[in-house]
Amino acid sequence: MLLQQLLNGVLASGIYALFAVGFTMIFGIMGVLNMAHADLAVVAAFAIVWAVSAGFTPLPAVLIAVVATLGLALVVERLAMRPGRRFKGEAAIEMPLIATIGAGMIIQNVAALIFGNKVIFFPWQLPAFINIGGFLVSQGLLISAGVALALLVALEILVDRTSFGRQIRAVAQNPTAAKIMGIDTNLVIVATVALTAAIAGIAGGLVGLSYGFVAPMMGIPYAIKGLVAMIIGGVGSLRGAVLGAVLIGLVEAMAVTWLGSQVKDVAVFAVLLAVLAVKPGGLIATPGAR
Amino acid sequence: MTTIEREPAALAVAGLEIAYGDTPAVRGVSLSVGKGEAVAVIGSNGAGKTSMLRGITGLVAARHERLELFGQSLAGLATYRLHRLGIGYVPEGRELFRGLSVEEELQIGGRFLDRGAYTARLDEAFELFPRLKERRTQITRTMSGGEQQMLAIARTLMAGPRLLLLDEPSLGLAPVIQDAVYGTLEALRNRGLSMLIVEQNAFRALRLASRAYVLELGQVTREAPSAELIDDPAIQAAYLGRH
């Protein structure tokens with residue numbers, strides 16, 4: 001029973017990891033949180049719900065979701081985040097924090113206004129459980145974990161090995177030096193926002209596929225898990241964010257097995273406090289983090 | 001009829017004004033660097049030397065009547081564009097990227113080159129600074145001050161700049177390391193690279209440069225050939241630590 005739960009916990013952590021790397025990349029490069037980040041998954045999921053109900057076939061539906069998600073992410077960056085860079089000190093952090101919380105609320109409530117503030121069935125579903133070596137595994141979560149793993153490996157290679165990745169790290173570590181070295185910091189930030197938005201959008205689709213339904217407020221628990229995973233892993237570290245996500249998946253599974261599903265979230269926060277007490281910088285501290 | 005075309009200066013600055021709030025830092029500075037010329041700006045701490053370079057490169061807001069690189073106006077250009085135009089800026093305190101390796105810093109500097117040109121440039125950089133070749137995989141923040149300064153210069157050279165702006169390249173370095181850094185700068189000057197060097201360590205800068213400006217309280221108070229300034233008792237007393 002426990003092994004069964006742990007296995008599903010690890011598989012569920014794939015989606016958590018996709019949110020966690022988005023939060024950590026945005027924070028790493030801008031030094032601020034995008035509190036509307038997980039709500040981009042809502043945008044993607046509901047764009048698909050709408051497109052399919054309007055009669056689009058899967059490929060155009062996905063394209064519509066991509067355009068809607070990236071477009072909205074860029075609007076949030078331009079209106080709710082970039083103006084913060086005009087300020088110095090605390091205001092530079094607080095302004096985007098509050099503005100993106102507002103942006104998230106707008107996304108949630110517009111989705112609720114259009115589709116109703118309720119759970120909606122996702123048009124594409126993989127809710128079946130399959131038997132692998134005696135373990136019952138959610139087919140959707142298995143596919144989600146596989147997609148997440150592939151994306152995370154690709155992201156690691158992009159950040160670690162490519163010229164664009166070096167520019168992302170350069171802007172994160174020293175924006176002034178990046179400008180001196182000819183890097184258009186605004187462009188790199190916008191590209192990073194688009195990249196993380198795409199990942200959040202895919203995560204939104206995977207949530208729908210795995211659990212069979214979506215809701216206007218579904219971004220909130222994923223935002224919390226993504227942020228906690230980022231902090232547990234060490235802010236600014238991609239691998240740390242993934243490690244934090246897997247840890248959360250495992251802790252949730254153990255809590256459900258031993259203590260019941262109602263203490264799941266409490267257990268996650270207990271682990272967060274424990275990690276911070278022992279390693280205040282998170283499990284993997286990075287020099288690039290601000 | 002023939003016209004005599006004067007070659008434009010590598011850098012021409014006129015009427016540069018910078019203020020932080022109500023406090024003026026640079027007040028109407030005009031200076032020029034000829035093609036292939038090394039020019040020094042000397043002055044005490046707080047004279048406005050660093051502000052001047054930050055104003056020229058657009059890192060701080062500045063007003064000016066004229067700001068040209070080889071005759072091309074730089075007015076209104078964002079800092080990141082200057083790199084592509086050929087300005088290599090080695091700022092005060094090196095401003096390296098804390099988490100990148102030596103080679104990654106050099107890759108950032110040379111990212112617009114094709115593979116062949118990049119390799120050739122990398123070889124040149126390692127020839128100028130053999131220490132960097134030994135340390136190519138080292139993370140920059142773990143290196144000594146001298147190595148960091150060498151890397152700051154090397155990554156700038158990767159892009160093949162037409163003008164080098166150097167801010168206090170000897171700051172915080174042991175004399176023997178200063179010798180090495182200035183030895184390299186001399187080699188670059190001898191190859192014809194135009195440079196503007198700002199220094200508190202006036203003696204070294206004056207020996208490198210053929211001409212110099214004295215900056216006091218944000219204003220140019222004197223312009224003369226370096227040799228003249230080195231022999232001037234007033235300059236010696238104020239900037240060269242001789243009494």
# chains A, B, ... in the order shown; residues from 1 in each chain; ligands from 1
>>> residues_around(residues="Val190 (chain A)", least_positions_apart="2", cutoff="12 Å", atoms="only C-alpha atoms", output="number ranges by chain")
A: 25-26, 29-30, 70-71, 73-78, 81-82, 168, 171, 184-188, 192-197
>>> residues_around(residues="Ile284 (chain A)", least_positions_apart="6", cutoff="8 Å", atoms="only C-alpha atoms", output="PDB file with C-alpha atoms, in the first residue's frame")
ATOM      1  CA  GLY A 233      15.226  22.883  -3.266  1.00  0.00           C
ATOM      2  CA  GLY A 234      17.016  26.232  -3.023  1.00  0.00           C
ATOM      3  CA  SER A 237      18.312  25.989  -8.745  1.00  0.00           C
ATOM      4  CA  ARG A 239      17.627  20.623  -9.936  1.00  0.00           C
ATOM      5  CA  GLY A 240      16.708  21.858  -6.475  1.00  0.00           C
TER       6      GLY A 240
END
>>> interface_residues(of="chain B", to="chain A", cutoff="6 Å", atoms="only C-alpha atoms", output="ChimeraX atom specification")
/B:79-81,83,95,97,99
>>> residues_around(residues="region 50-55 of chain A", least_positions_apart="5", cutoff="9 Å", atoms="only C-alpha atoms", output="ChimeraX atom specification")
/A:45,60-62,64-65,115,123
>>> write_last_selection(atoms="C-alpha atoms", output="PDB file, in the first residue's frame")
ATOM      1  CA  ALA A  45      -6.517  24.292 -19.749  1.00  0.00           C
ATOM      2  CA  PRO A  60      -5.631  23.839 -33.535  1.00  0.00           C
ATOM      3  CA  ALA A  61      -6.956  23.601 -29.976  1.00  0.00           C
ATOM      4  CA  VAL A  62      -3.423  23.218 -28.639  1.00  0.00           C
ATOM      5  CA  ILE A  64      -4.999  28.306 -29.447  1.00  0.00           C
ATOM      6  CA  ALA A  65      -3.937  27.341 -25.925  1.00  0.00           C
ATOM      7  CA  PHE A 115     -17.086  28.856 -17.492  1.00  0.00           C
ATOM      8  CA  PRO A 123     -12.224  17.048 -23.084  1.00  0.00           C
TER       9      PRO A 123
END
>>> atom_distance(atom1="CA of Glu37 (chain B)", atom2="CA of Met195 (chain B)")
6.4 Å
>>> select_by_dssp(residues="region 1-202 of chain B", states="strand (DSSP E)", output="VMD selection string")
chain B and resid 11 to 20 23 to 33 38 to 42 66 to 69 72 to 73 87 to 90 163 to 167 194 to 199
>>> write_last_selection(atoms="N, CA and C atoms", output="tab-separated table (two decimals), in the first residue's frame")
chain	number	residue	atom	x	y	z
B	11	LEU	N	36.66	58.05	-29.91
B	11	LEU	CA	35.61	58.49	-28.99
B	11	LEU	C	35.65	60.00	-28.90
B	12	ALA	N	34.50	60.62	-29.09
B	12	ALA	CA	34.40	62.07	-28.94
B	12	ALA	C	33.24	62.37	-28.00
B	13	VAL	N	33.56	63.02	-26.89
B	13	VAL	CA	32.56	63.37	-25.89
B	13	VAL	C	32.59	64.88	-25.72
B	14	ALA	N	31.42	65.51	-25.72
B	14	ALA	CA	31.37	66.95	-25.47
B	14	ALA	C	30.21	67.28	-24.55
B	15	GLY	N	30.50	68.08	-23.53
B	15	GLY	CA	29.45	68.59	-22.64
B	15	GLY	C	28.72	67.53	-21.85
B	16	LEU	N	29.46	66.52	-21.39
B	16	LEU	CA	28.81	65.44	-20.62
B	16	LEU	C	28.43	65.93	-19.22
B	17	GLU	N	27.16	65.74	-18.89
B	17	GLU	CA	26.63	66.17	-17.59
B	17	GLU	C	25.92	65.01	-16.93
B	18	ILE	N	26.28	64.72	-15.69
B	18	ILE	CA	25.59	63.67	-14.94
B	18	ILE	C	25.29	64.21	-13.55
B	19	ALA	N	24.09	63.96	-13.07
B	19	ALA	CA	23.74	64.38	-11.72
B	19	ALA	C	22.99	63.25	-11.03
B	20	TYR	N	23.27	63.05	-9.74
B	20	TYR	CA	22.49	62.11	-8.94
B	20	TYR	C	21.56	62.95	-8.08
B	23	THR	N	22.70	66.47	-6.93
B	23	THR	CA	24.15	66.52	-6.79
B	23	THR	C	24.82	66.26	-8.13
B	24	PRO	N	25.51	67.25	-8.68
B	24	PRO	CA	26.20	67.00	-9.95
B	24	PRO	C	27.44	66.14	-9.73
B	25	ALA	N	27.65	65.15	-10.59
B	25	ALA	CA	28.81	64.28	-10.48
B	25	ALA	C	29.81	64.57	-11.60
B	26	VAL	N	29.28	64.86	-12.78
B	26	VAL	CA	30.11	65.19	-13.93
B	26	VAL	C	29.55	66.49	-14.52
B	27	ARG	N	30.44	67.48	-14.69
B	27	ARG	CA	29.94	68.80	-15.09
B	27	ARG	C	30.61	69.26	-16.38
B	28	GLY	N	29.96	69.00	-17.47
B	28	GLY	CA	30.44	69.52	-18.75
B	28	GLY	C	31.77	68.98	-19.21
B	29	VAL	N	31.95	67.68	-19.11
B	29	VAL	CA	33.23	67.09	-19.51
B	29	VAL	C	33.27	66.89	-21.03
B	30	SER	N	34.36	67.32	-21.62
B	30	SER	CA	34.61	67.05	-23.04
B	30	SER	C	35.96	66.38	-23.17
B	31	LEU	N	36.00	65.33	-23.94
B	31	LEU	CA	37.30	64.66	-24.16
B	31	LEU	C	37.24	63.86	-25.45
B	32	SER	N	38.41	63.47	-25.91
B	32	SER	CA	38.44	62.64	-27.12
B	32	SER	C	39.56	61.63	-27.02
B	33	VAL	N	39.36	60.53	-27.73
B	33	VAL	CA	40.39	59.50	-27.85
B	33	VAL	C	40.61	59.29	-29.34
B	38	ALA	N	46.00	55.82	-26.63
B	38	ALA	CA	45.65	55.48	-25.26
B	38	ALA	C	45.58	56.77	-24.47
B	39	VAL	N	44.44	57.04	-23.87
B	39	VAL	CA	44.23	58.28	-23.13
B	39	VAL	C	43.85	57.95	-21.70
B	40	ALA	N	44.44	58.69	-20.75
B	40	ALA	CA	44.14	58.45	-19.34
B	40	ALA	C	43.30	59.58	-18.77
B	41	VAL	N	42.46	59.24	-17.81
B	41	VAL	CA	41.77	60.25	-17.02
B	41	VAL	C	42.18	59.99	-15.58
B	42	ILE	N	42.87	60.96	-14.99
B	42	ILE	CA	43.29	60.76	-13.60
B	42	ILE	C	42.52	61.73	-12.71
B	66	ARG	N	27.54	65.93	-27.40
B	66	ARG	CA	28.08	65.07	-28.44
B	66	ARG	C	28.62	63.80	-27.79
B	67	LEU	N	28.28	62.65	-28.39
B	67	LEU	CA	28.82	61.38	-27.91
B	67	LEU	C	28.93	60.48	-29.13
B	68	GLU	N	30.17	60.31	-29.61
B	68	GLU	CA	30.37	59.60	-30.88
B	68	GLU	C	31.47	58.57	-30.79
B	69	LEU	N	31.23	57.45	-31.45
B	69	LEU	CA	32.22	56.39	-31.59
B	69	LEU	C	32.61	56.33	-33.07
B	72	GLN	N	30.17	57.92	-35.24
B	72	GLN	CA	28.78	57.46	-35.16
B	72	GLN	C	28.19	57.88	-33.81
B	73	SER	N	27.03	58.54	-33.87
B	73	SER	CA	26.44	59.02	-32.62
B	73	SER	C	25.91	57.87	-31.77
B	87	ILE	N	32.31	48.89	-28.46
B	87	ILE	CA	32.83	49.41	-27.20
B	87	ILE	C	33.03	48.26	-26.23
B	88	GLY	N	34.27	48.09	-25.79
B	88	GLY	CA	34.56	47.09	-24.76
B	88	GLY	C	34.74	47.81	-23.44
B	89	TYR	N	33.87	47.54	-22.48
B	89	TYR	CA	33.89	48.28	-21.22
B	89	TYR	C	34.28	47.31	-20.10
B	90	VAL	N	35.39	47.59	-19.47
B	90	VAL	CA	35.83	46.79	-18.33
B	90	VAL	C	35.56	47.63	-17.07
B	163	LEU	N	37.19	50.09	-29.28
B	163	LEU	CA	37.56	51.03	-28.21
B	163	LEU	C	37.41	50.32	-26.88
B	164	LEU	N	38.44	50.45	-26.05
B	164	LEU	CA	38.39	49.84	-24.74
B	164	LEU	C	38.24	50.93	-23.68
B	165	LEU	N	37.25	50.77	-22.80
B	165	LEU	CA	37.09	51.67	-21.67
B	165	LEU	C	37.45	50.90	-20.42
B	166	LEU	N	38.43	51.39	-19.69
B	166	LEU	CA	38.89	50.65	-18.51
B	166	LEU	C	38.74	51.50	-17.26
B	167	ASP	N	38.08	50.93	-16.26
B	167	ASP	CA	37.87	51.65	-15.01
B	167	ASP	C	38.69	51.01	-13.89
B	194	SER	N	42.43	51.46	-29.52
B	194	SER	CA	42.15	52.74	-28.86
B	194	SER	C	41.65	52.46	-27.45
B	195	MET	N	42.13	53.23	-26.47
B	195	MET	CA	41.64	53.00	-25.11
B	195	MET	C	41.57	54.25	-24.26
B	196	LEU	N	40.56	54.25	-23.41
B	196	LEU	CA	40.39	55.32	-22.42
B	196	LEU	C	40.48	54.65	-21.07
B	197	ILE	N	41.47	55.08	-20.28
B	197	ILE	CA	41.70	54.41	-19.01
B	197	ILE	C	41.56	55.40	-17.86
B	198	VAL	N	40.76	55.00	-16.89
B	198	VAL	CA	40.47	55.84	-15.75
B	198	VAL	C	41.17	55.23	-14.55
B	199	GLU	N	41.96	56.01	-13.83
B	199	GLU	CA	42.75	55.43	-12.74
B	199	GLU	C	42.98	56.40	-11.60
>>> select_by_dssp(residues="region 8-208 of chain B", states="helix (DSSP H, G or I)", output="PyMOL selection string")
chain B and resi 49-56+79-85+102-109+115-128+130-134+140-142+145-157+175-190+202-208
>>> write_last_selection(atoms="C-alpha atoms", output="PDB file, in the first residue's frame")
ATOM      1  CA  LYS B  49      35.722  59.217 -13.148  1.00  0.00           C
ATOM      2  CA  THR B  50      33.505  56.162 -12.786  1.00  0.00           C
ATOM      3  CA  SER B  51      30.342  58.226 -13.285  1.00  0.00           C
ATOM      4  CA  MET B  52      31.817  59.555 -16.496  1.00  0.00           C
ATOM      5  CA  LEU B  53      32.312  56.043 -17.920  1.00  0.00           C
ATOM      6  CA  ARG B  54      28.861  54.962 -16.715  1.00  0.00           C
ATOM      7  CA  GLY B  55      27.402  57.997 -18.452  1.00  0.00           C
ATOM      8  CA  ILE B  56      29.257  57.282 -21.693  1.00  0.00           C
ATOM      9  CA  THR B  79      23.915  50.021 -22.981  1.00  0.00           C
ATOM     10  CA  TYR B  80      23.675  46.562 -24.551  1.00  0.00           C
ATOM     11  CA  ARG B  81      23.873  48.004 -28.085  1.00  0.00           C
ATOM     12  CA  LEU B  82      27.308  49.542 -27.487  1.00  0.00           C
ATOM     13  CA  HIS B  83      28.915  46.120 -27.259  1.00  0.00           C
ATOM     14  CA  ARG B  84      27.890  45.286 -30.812  1.00  0.00           C
ATOM     15  CA  LEU B  85      29.143  48.680 -32.007  1.00  0.00           C
ATOM     16  CA  VAL B 102      36.049  31.121 -17.167  1.00  0.00           C
ATOM     17  CA  GLU B 103      35.165  29.577 -20.500  1.00  0.00           C
ATOM     18  CA  GLU B 104      31.484  30.525 -20.178  1.00  0.00           C
ATOM     19  CA  GLU B 105      32.447  34.168 -19.562  1.00  0.00           C
ATOM     20  CA  LEU B 106      34.553  34.052 -22.719  1.00  0.00           C
ATOM     21  CA  GLN B 107      31.706  32.375 -24.632  1.00  0.00           C
ATOM     22  CA  ILE B 108      29.399  35.214 -23.617  1.00  0.00           C
ATOM     23  CA  GLY B 109      31.952  37.720 -24.897  1.00  0.00           C
ATOM     24  CA  ARG B 115      33.074  28.796 -34.711  1.00  0.00           C
ATOM     25  CA  GLY B 116      36.363  29.430 -36.501  1.00  0.00           C
ATOM     26  CA  ALA B 117      36.638  33.060 -35.425  1.00  0.00           C
ATOM     27  CA  TYR B 118      35.670  32.097 -31.898  1.00  0.00           C
ATOM     28  CA  THR B 119      38.432  29.510 -31.631  1.00  0.00           C
ATOM     29  CA  ALA B 120      40.998  31.956 -33.016  1.00  0.00           C
ATOM     30  CA  ARG B 121      39.890  34.672 -30.570  1.00  0.00           C
ATOM     31  CA  LEU B 122      39.963  32.193 -27.692  1.00  0.00           C
ATOM     32  CA  ASP B 123      43.541  31.234 -28.561  1.00  0.00           C
ATOM     33  CA  GLU B 124      44.508  34.918 -28.612  1.00  0.00           C
ATOM     34  CA  ALA B 125      42.914  35.466 -25.213  1.00  0.00           C
ATOM     35  CA  PHE B 126      44.739  32.467 -23.744  1.00  0.00           C
ATOM     36  CA  GLU B 127      47.988  33.716 -25.270  1.00  0.00           C
ATOM     37  CA  LEU B 128      47.529  37.078 -23.549  1.00  0.00           C
ATOM     38  CA  PRO B 130      47.884  31.934 -19.990  1.00  0.00           C
ATOM     39  CA  ARG B 131      46.492  31.690 -16.441  1.00  0.00           C
ATOM     40  CA  LEU B 132      42.982  31.683 -17.821  1.00  0.00           C
ATOM     41  CA  LYS B 133      43.693  28.656 -19.974  1.00  0.00           C
ATOM     42  CA  GLU B 134      44.736  26.682 -16.897  1.00  0.00           C
ATOM     43  CA  THR B 140      34.967  32.888 -11.616  1.00  0.00           C
ATOM     44  CA  ARG B 141      34.045  33.955  -8.107  1.00  0.00           C
ATOM     45  CA  THR B 142      36.601  31.535  -6.668  1.00  0.00           C
ATOM     46  CA  GLY B 145      41.439  39.437  -7.870  1.00  0.00           C
ATOM     47  CA  GLY B 146      44.181  39.485 -10.491  1.00  0.00           C
ATOM     48  CA  GLU B 147      42.750  36.526 -12.374  1.00  0.00           C
ATOM     49  CA  GLN B 148      39.306  38.100 -12.240  1.00  0.00           C
ATOM     50  CA  GLN B 149      40.674  41.338 -13.695  1.00  0.00           C
ATOM     51  CA  MET B 150      42.418  39.413 -16.464  1.00  0.00           C
ATOM     52  CA  LEU B 151      39.175  37.584 -17.231  1.00  0.00           C
ATOM     53  CA  ALA B 152      37.216  40.848 -17.263  1.00  0.00           C
ATOM     54  CA  ILE B 153      39.604  42.169 -19.907  1.00  0.00           C
ATOM     55  CA  ALA B 154      39.767  38.889 -21.827  1.00  0.00           C
ATOM     56  CA  ARG B 155      35.980  38.440 -22.119  1.00  0.00           C
ATOM     57  CA  THR B 156      35.749  42.022 -23.404  1.00  0.00           C
ATOM     58  CA  LEU B 157      38.426  41.366 -26.023  1.00  0.00           C
ATOM     59  CA  PRO B 175      51.970  45.436  -7.530  1.00  0.00           C
ATOM     60  CA  VAL B 176      53.298  42.389  -9.370  1.00  0.00           C
ATOM     61  CA  ILE B 177      49.781  41.621 -10.659  1.00  0.00           C
ATOM     62  CA  GLN B 178      49.345  45.273 -11.632  1.00  0.00           C
ATOM     63  CA  ASP B 179      52.531  44.897 -13.689  1.00  0.00           C
ATOM     64  CA  ALA B 180      51.053  41.926 -15.497  1.00  0.00           C
ATOM     65  CA  VAL B 181      47.734  43.658 -16.212  1.00  0.00           C
ATOM     66  CA  TYR B 182      49.445  46.829 -17.430  1.00  0.00           C
ATOM     67  CA  GLY B 183      51.890  44.775 -19.475  1.00  0.00           C
ATOM     68  CA  THR B 184      48.937  43.323 -21.341  1.00  0.00           C
ATOM     69  CA  LEU B 185      47.345  46.736 -21.799  1.00  0.00           C
ATOM     70  CA  GLU B 186      50.626  47.999 -23.278  1.00  0.00           C
ATOM     71  CA  ALA B 187      50.639  45.090 -25.716  1.00  0.00           C
ATOM     72  CA  LEU B 188      47.072  45.958 -26.742  1.00  0.00           C
ATOM     73  CA  ARG B 189      47.988  49.628 -27.146  1.00  0.00           C
ATOM     74  CA  ASN B 190      50.970  48.661 -29.288  1.00  0.00           C
ATOM     75  CA  ALA B 202      47.907  57.837 -11.884  1.00  0.00           C
ATOM     76  CA  PHE B 203      51.538  56.879 -12.423  1.00  0.00           C
ATOM     77  CA  ARG B 204      50.720  53.597 -14.161  1.00  0.00           C
ATOM     78  CA  ALA B 205      47.980  55.170 -16.277  1.00  0.00           C
ATOM     79  CA  LEU B 206      50.213  58.053 -17.344  1.00  0.00           C
ATOM     80  CA  ARG B 207      52.986  55.694 -18.396  1.00  0.00           C
ATOM     81  CA  LEU B 208      50.524  53.736 -20.540  1.00  0.00           C
TER      82      LEU B 208
END
>>> residues_around(residues="Glu94 (chain A)", least_positions_apart="4", cutoff="9 Å", atoms="only C-alpha atoms", output="ChimeraX atom specification")
/A:32,84,90,98-99
>>> write_last_selection(atoms="C-alpha atoms", output="PDB file, in the first residue's frame")
ATOM      1  CA  VAL A  32      10.734  38.689  -7.991  1.00  0.00           C
ATOM      2  CA  GLY A  84       8.818  47.093 -10.774  1.00  0.00           C
ATOM      3  CA  GLU A  90      11.708  46.751  -1.334  1.00  0.00           C
ATOM      4  CA  ILE A  98       1.181  42.398  -5.419  1.00  0.00           C
ATOM      5  CA  ALA A  99       0.521  43.116  -9.087  1.00  0.00           C
TER       6      ALA A  99
END
>>> residues_around(residues="Gly205 (chain A)", least_positions_apart="5", cutoff="9 Å", atoms="only C-alpha atoms", output="list in words")
Ala41, Val42, Ala44, Ala45, Ile48, Phe122, Ala200 and Ser210 of chain A
>>> write_last_selection(atoms="N, CA and C atoms", output="mmCIF file, in the first residue's frame")
data_model
loop_
_atom_site.group_PDB
_atom_site.id
_atom_site.type_symbol
_atom_site.label_atom_id
_atom_site.label_comp_id
_atom_site.auth_asym_id
_atom_site.auth_seq_id
_atom_site.Cartn_x
_atom_site.Cartn_y
_atom_site.Cartn_z
ATOM 1 N N ALA A 41 -1.550 27.957 -16.124
ATOM 2 C CA ALA A 41 -2.026 26.592 -16.396
ATOM 3 C C ALA A 41 -3.537 26.603 -16.583
ATOM 4 N N VAL A 42 -4.221 27.473 -15.811
ATOM 5 C CA VAL A 42 -5.675 27.618 -15.939
ATOM 6 C C VAL A 42 -6.009 28.152 -17.330
ATOM 7 N N ALA A 44 -4.278 27.873 -20.104
ATOM 8 C CA ALA A 44 -4.050 26.843 -21.115
ATOM 9 C C ALA A 44 -5.171 25.806 -21.078
ATOM 10 N N ALA A 45 -5.508 25.346 -19.875
ATOM 11 C CA ALA A 45 -6.517 24.292 -19.749
ATOM 12 C C ALA A 45 -7.878 24.776 -20.258
ATOM 13 N N ILE A 48 -8.168 25.155 -24.005
ATOM 14 C CA ILE A 48 -8.444 23.868 -24.668
ATOM 15 C C ILE A 48 -9.921 23.499 -24.495
ATOM 16 N N PHE A 122 -12.447 17.859 -18.448
ATOM 17 C CA PHE A 122 -11.481 18.150 -19.503
ATOM 18 C C PHE A 122 -11.817 17.269 -20.703
ATOM 19 N N ALA A 200 4.238 25.999 -17.941
ATOM 20 C CA ALA A 200 3.051 26.039 -17.078
ATOM 21 C C ALA A 200 1.811 25.621 -17.870
ATOM 22 N N SER A 210 -4.667 14.056 -16.561
ATOM 23 C CA SER A 210 -4.436 13.093 -15.486
ATOM 24 C C SER A 210 -5.637 12.952 -14.571
#
>>> closest_residue(among="A:Leu247, A:Ser144, A:Tyr222, A:Val228", to="Phe269 (chain A)", atoms="only C-alpha atoms")
A:Val228
>>> decode(residues="region 32-52 of chain A", atoms="N, CA and C atoms", output="PDB file, in the first residue's frame")
ATOM      1  N   VAL A  32      12.093  38.486  -8.499  1.00  0.00           N
ATOM      2  CA  VAL A  32      10.734  38.689  -7.991  1.00  0.00           C
ATOM      3  C   VAL A  32       9.917  37.426  -8.280  1.00  0.00           C
ATOM      4  N   LEU A  33       8.821  37.282  -7.536  1.00  0.00           N
ATOM      5  CA  LEU A  33       7.931  36.147  -7.765  1.00  0.00           C
ATOM      6  C   LEU A  33       6.841  36.534  -8.746  1.00  0.00           C
ATOM      7  N   ASN A  34       6.473  35.582  -9.604  1.00  0.00           N
ATOM      8  CA  ASN A  34       5.296  35.780 -10.446  1.00  0.00           C
ATOM      9  C   ASN A  34       4.162  34.954  -9.838  1.00  0.00           C
ATOM     10  N   MET A  35       3.314  35.612  -9.037  1.00  0.00           N
ATOM     11  CA  MET A  35       2.263  34.882  -8.326  1.00  0.00           C
ATOM     12  C   MET A  35       1.152  34.435  -9.271  1.00  0.00           C
ATOM     13  N   ALA A  36       1.162  34.924 -10.500  1.00  0.00           N
ATOM     14  CA  ALA A  36       0.159  34.490 -11.476  1.00  0.00           C
ATOM     15  C   ALA A  36       0.666  33.310 -12.309  1.00  0.00           C
ATOM     16  N   HIS A  37       1.872  32.831 -11.993  1.00  0.00           N
ATOM     17  CA  HIS A  37       2.492  31.807 -12.838  1.00  0.00           C
ATOM     18  C   HIS A  37       1.623  30.559 -12.975  1.00  0.00           C
ATOM     19  N   ALA A  38       1.140  30.029 -11.847  1.00  0.00           N
ATOM     20  CA  ALA A  38       0.359  28.785 -11.908  1.00  0.00           C
ATOM     21  C   ALA A  38      -0.999  29.011 -12.565  1.00  0.00           C
ATOM     22  N   ASP A  39      -1.477  30.246 -12.540  1.00  0.00           N
ATOM     23  CA  ASP A  39      -2.761  30.531 -13.184  1.00  0.00           C
ATOM     24  C   ASP A  39      -2.647  30.469 -14.709  1.00  0.00           C
ATOM     25  N   LEU A  40      -1.420  30.506 -15.211  1.00  0.00           N
ATOM     26  CA  LEU A  40      -1.244  30.325 -16.658  1.00  0.00           C
ATOM     27  C   LEU A  40      -1.661  28.915 -17.071  1.00  0.00           C
ATOM     28  N   ALA A  41      -1.550  27.957 -16.124  1.00  0.00           N
ATOM     29  CA  ALA A  41      -2.026  26.592 -16.396  1.00  0.00           C
ATOM     30  C   ALA A  41      -3.537  26.603 -16.583  1.00  0.00           C
ATOM     31  N   VAL A  42      -4.221  27.473 -15.811  1.00  0.00           N
ATOM     32  CA  VAL A  42      -5.675  27.618 -15.939  1.00  0.00           C
ATOM     33  C   VAL A  42      -6.009  28.152 -17.330  1.00  0.00           C
ATOM     34  N   VAL A  43      -5.228  29.146 -17.758  1.00  0.00           N
ATOM     35  CA  VAL A  43      -5.461  29.732 -19.086  1.00  0.00           C
ATOM     36  C   VAL A  43      -5.351  28.658 -20.163  1.00  0.00           C
ATOM     37  N   ALA A  44      -4.278  27.873 -20.104  1.00  0.00           N
ATOM     38  CA  ALA A  44      -4.050  26.843 -21.115  1.00  0.00           C
ATOM     39  C   ALA A  44      -5.171  25.806 -21.078  1.00  0.00           C
ATOM     40  N   ALA A  45      -5.508  25.346 -19.875  1.00  0.00           N
ATOM     41  CA  ALA A  45      -6.517  24.292 -19.749  1.00  0.00           C
ATOM     42  C   ALA A  45      -7.878  24.776 -20.258  1.00  0.00           C
ATOM     43  N   PHE A  46      -8.250  25.987 -19.878  1.00  0.00           N
ATOM     44  CA  PHE A  46      -9.567  26.485 -20.289  1.00  0.00           C
ATOM     45  C   PHE A  46      -9.593  26.893 -21.763  1.00  0.00           C
ATOM     46  N   ALA A  47      -8.442  27.273 -22.293  1.00  0.00           N
ATOM     47  CA  ALA A  47      -8.378  27.557 -23.728  1.00  0.00           C
ATOM     48  C   ALA A  47      -8.690  26.279 -24.504  1.00  0.00           C
ATOM     49  N   ILE A  48      -8.168  25.155 -24.005  1.00  0.00           N
ATOM     50  CA  ILE A  48      -8.444  23.868 -24.668  1.00  0.00           C
ATOM     51  C   ILE A  48      -9.921  23.499 -24.495  1.00  0.00           C
ATOM     52  N   VAL A  49     -10.438  23.669 -23.263  1.00  0.00           N
ATOM     53  CA  VAL A  49     -11.862  23.383 -23.017  1.00  0.00           C
ATOM     54  C   VAL A  49     -12.728  24.175 -23.995  1.00  0.00           C
ATOM     55  N   TRP A  50     -12.410  25.472 -24.121  1.00  0.00           N
ATOM     56  CA  TRP A  50     -13.205  26.322 -25.003  1.00  0.00           C
ATOM     57  C   TRP A  50     -13.059  25.882 -26.469  1.00  0.00           C
ATOM     58  N   ALA A  51     -11.797  25.674 -26.891  1.00  0.00           N
ATOM     59  CA  ALA A  51     -11.534  25.367 -28.301  1.00  0.00           C
ATOM     60  C   ALA A  51     -12.218  24.066 -28.711  1.00  0.00           C
ATOM     61  N   VAL A  52     -12.155  23.076 -27.846  1.00  0.00           N
ATOM     62  CA  VAL A  52     -12.768  21.790 -28.187  1.00  0.00           C
ATOM     63  C   VAL A  52     -14.288  21.924 -28.247  1.00  0.00           C
TER      64      VAL A  52
END
